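Peer 1: Structure in structure tokens, see below.
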Amino acid sequence: MATLTAETDTDKQFIRDWAEARSGAFEASFATRFDEHFPELHRLFLLIYGTHPDGLEALAEVVTLAAESWKQRPADLRLLDAERVADPGWYRSERMLGGVCYVDRYAGSISAVADHIGYFRELGLTYLHLMPLFRCPEGNNDGGYAVSSYRETDPLLGTMDDLAELTPKLRAAGISPVVDFIFNHTSSEHEWARRCVAGDPAYKDFYLIFPDRTMPDAYDRTTREIFPDDHAGSFVQLPDGRWIWSTFYHFQWDLNYANPAVFRAMAGEMLFLANQGIEVLRMDAVAFIWKRLGTSCESLPEAHYLLQAFNRVLRLAAPALIFKSEAIVHPDEVIQYISPGECQISYNPLQMALTWEALATRDARLLSQAIERRHGLPDGTAWVNYVRGHDDIGWTFADEDAAELGINGFEHRRFLNNFYIGRHPGTFARGAAFQENPLTGDARIAGTTASLAGIEAGDAGGEDRVILAHAVAMSTGGMPLLYLGDEVAQLNDYYYRDRPAEAGDSRWVNRPFRPEVAYNARHDTRTTAGRVFTRLRHLLELRGETPEFGGNELTAFHTPHPSVLAYQRPGADHVVLVLANFGDHPVHIEALTLSGFAASAEDLISGGQADLSQGVSLPGHGFRWLRVAR
Ligand code: GLC
């Protein structure tokens with residue numbers, strides 16, 4: 001029982017002695033990293049747990065865990081650590097390409113993922129996010145986002161040994177294995193949860209439980225409802241009448257990070273995953289991990305300190321690993337999670353949502369504004385640009401940004417929801433509503449890329465829209481992330497409604513099984529799958545050969561056409577100018593608009609030359625990647 005002090009060196013000596021007494025003498029390389037990273041870890045712990053009576057022991061135990069975990073770290077992963085430390089920006093390369101899939105739906109089992117490595121190489125994947133594969137409750141488990149054990153896999157998918165066998169195979173193929181770190185909550189069946197509810201003193205404060213509605217009502221006054229279809233507010237009632245914090249489904253209980261024992265326990269699970277050969281942890285639901293009465297309980301400063309502290313723990317014990325932030329919140333908040341010391345990479349939900357916004361409106365101004373203003377990132381970090389993920393699409397643009405263009409955010413979201421749910425007259429989209437809340441009018445939408453873009457509806461522009469959306473995600477910088485199956489134009493899966501565990505969650509409409517038939521047709525350009533695949537494959541290949549597309553540097557470019565999105569990707573001695581037309585009709589960009597560039601450009605997609613002194617014509621949904629000398 002001791003608190004941390006402001007005397008970093010005193011605490012450091014105490015902690016080192018404590019850890020070495022338990023885990024043996026520090027290895028030399030660990031000791032070096034301990035010297036380098038301890039002061040920052042200590043500073044963060046002081047900020048989070050400075051007044052906690054167990055703060056000092058908690059940090060000592062975290063360091064002990066790190067030292068033990070390093071001792072157990074396999075030799076091949078230590079080599080990887082050294083490589084990554086020598087090349088810290090590895091994930092910013094133009095050759096990076098991410099894929100995401102469900103193990104069961106895509107491959108059948110963890111071991112069977114290896115059968116697809118040949119295809120992943122054909123596609124050029126360098127990063128593979130396997131959706132949650134841990135033990136979870138039967139029936140609805142939020143697609144595995146309700147974890148009952150971080151050290152056991154879902155037996156239906158295979159075993160931890162299967163995972164340990166798969167990760168080196170992926171790595172040998174140049175593919176970084178990625179899994180979720182679902183650390184905001186556990187399932188109600190996790191051992192910590194069972195013990196907490198049963199009153200075990202060691203787990204009593206692991207979750208947020210209140211005897212009656214007084215505190216839940218007080219918190220609910222300022223928090224937002226995330227899954228209103230499941231329950232109102234942020235709490236659910238236990239069979240004994242008490243109330244427990246559940247931001248998401250009623251069986252996903254939020255952990256209480258105000259208790260340092262929770263941090264220590266989760267750090268242990270994180271280090272365990274690190275030593276299974278995972279290279280990127282997708283930090284799930286980061287915005288929600290710290291609560292304070294009277295606030296939205298989202299994106300509080302402590303949420304950042306916690307992430308930074310977890311990140312430092314990795315620097316000690318598994319330096320190869322990086323974090324990807326999943327913050328689907330206001331763009332001002334999304335950016336706060338991204339820094340080399342917090343999450344090195346992050347989903348770019350704003351660009352994703354506004355790509356769909358531009359496709360619906362045929363007007364790229366809001367997207368252009370976001371790319372001009374909200375694209376910049378700290379050095380050493382990168383966006384993960386995606387056309388859609390496994391979740392719903394929420395319209396997370398800033399109302400104040402929209403207002404500058406004369407757009408009313410509230411009305412515009414209603415329009416977009418109606419458009420993508422298929423309720424708007426003349427819409428090309430076939431999507432489903434997700435968590436439509438009649439009390440607030442709020443809703444999000446779900447659907448596969450092909451179905452949302454018009455292929456399902458048989459719209460003539462459908463295929464071009466799929467390509468256009470991906471072409472933007474591939475050329476704005478950072479890493480593009482494909483939802484596997486979208487590259488062969490998979491359609492919505494309406495059969496989820498017949499599967500009881502999924503029927504209540506419309507996001508399953510956009511999580512279809514691996515589309516075998518479409519994959520078999522991928523080289524046959526008489527089919528939709530073949531045309532979409534062939535075109536995307538070509539773009540992916542070009543991207544990998546275009547150094548200007550690496551990193552995150554981007555300069556805006558303006559044309560007088562509201563339907564045209566334009567930007568420049570500067571390289572060493574050339575610039576790639578991207579012009580993309582979100583309209584249904586052709587546009588001609590006049591020579592005058594392009595007069596700042598040399599006349600002669602390399603047209604990357606056609607492989608020919610373009611003469612900018614003649615202007616550039618773009619068909620409806622057409623785009624160009626033009627390389628010009630700087
Ligand atoms: C993330 C996941 C989502 C899940 C939620 C709760 O947002 O992407 O699928 O429902 O976290 O874990």
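Residue names in the structure tokens use chain letters A, B, ... in the order shown, residue numbers from 1 in each chain, and ligand numbers from 1 in the order shown.
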What's around Asp401 (chain A) at 9 Å? Count only C-alpha atoms, leave out sequence neighbours fewer than 3 positions away in its own chain, and write the answer as a PyMOL selection string.

Peer 2: chain A and resi 366+369-370+397-398+404-405+407+409

Peer 1: How would you write, as a list in words, the set of residues no farther than 6 Å from ligand 1 when counting only C-alpha atoms and all ligand atoms?

Peer 2: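 Written in the requested form, the residues are Asp142, Tyr145, Phe248, Asp284, Ala285 and Asp391 of chain A.
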
Peer 1: Can you list, as a ChimeraX atom specification, every protein, DNA or RNA residue that comes within 10 Å of Ala433 (chain A) when you count only C-alpha atoms, leaving out same-chain residues fewer than 5 positions away?

Peer 2: /A:392-393,417-418,420-422,443-447,505-507

Peer 1: Which residue gives the smallest distance to Phe181 (chain A) among A:Glu269, A:Asp230, A:Asp611, A:Glu20, with only C-alpha atoms counted?

Peer 2: A:Glu269

Peer 1: Would you return as a VMD selection string the members of region 1-224 of chain A that DSSP assigns to alpha helix (DSSP H) on this structure's backbone?

Peer 2: chain A and resid 8 to 23 28 to 49 55 to 72 75 to 86 117 to 123 160 to 172 191 to 198 214 to 220
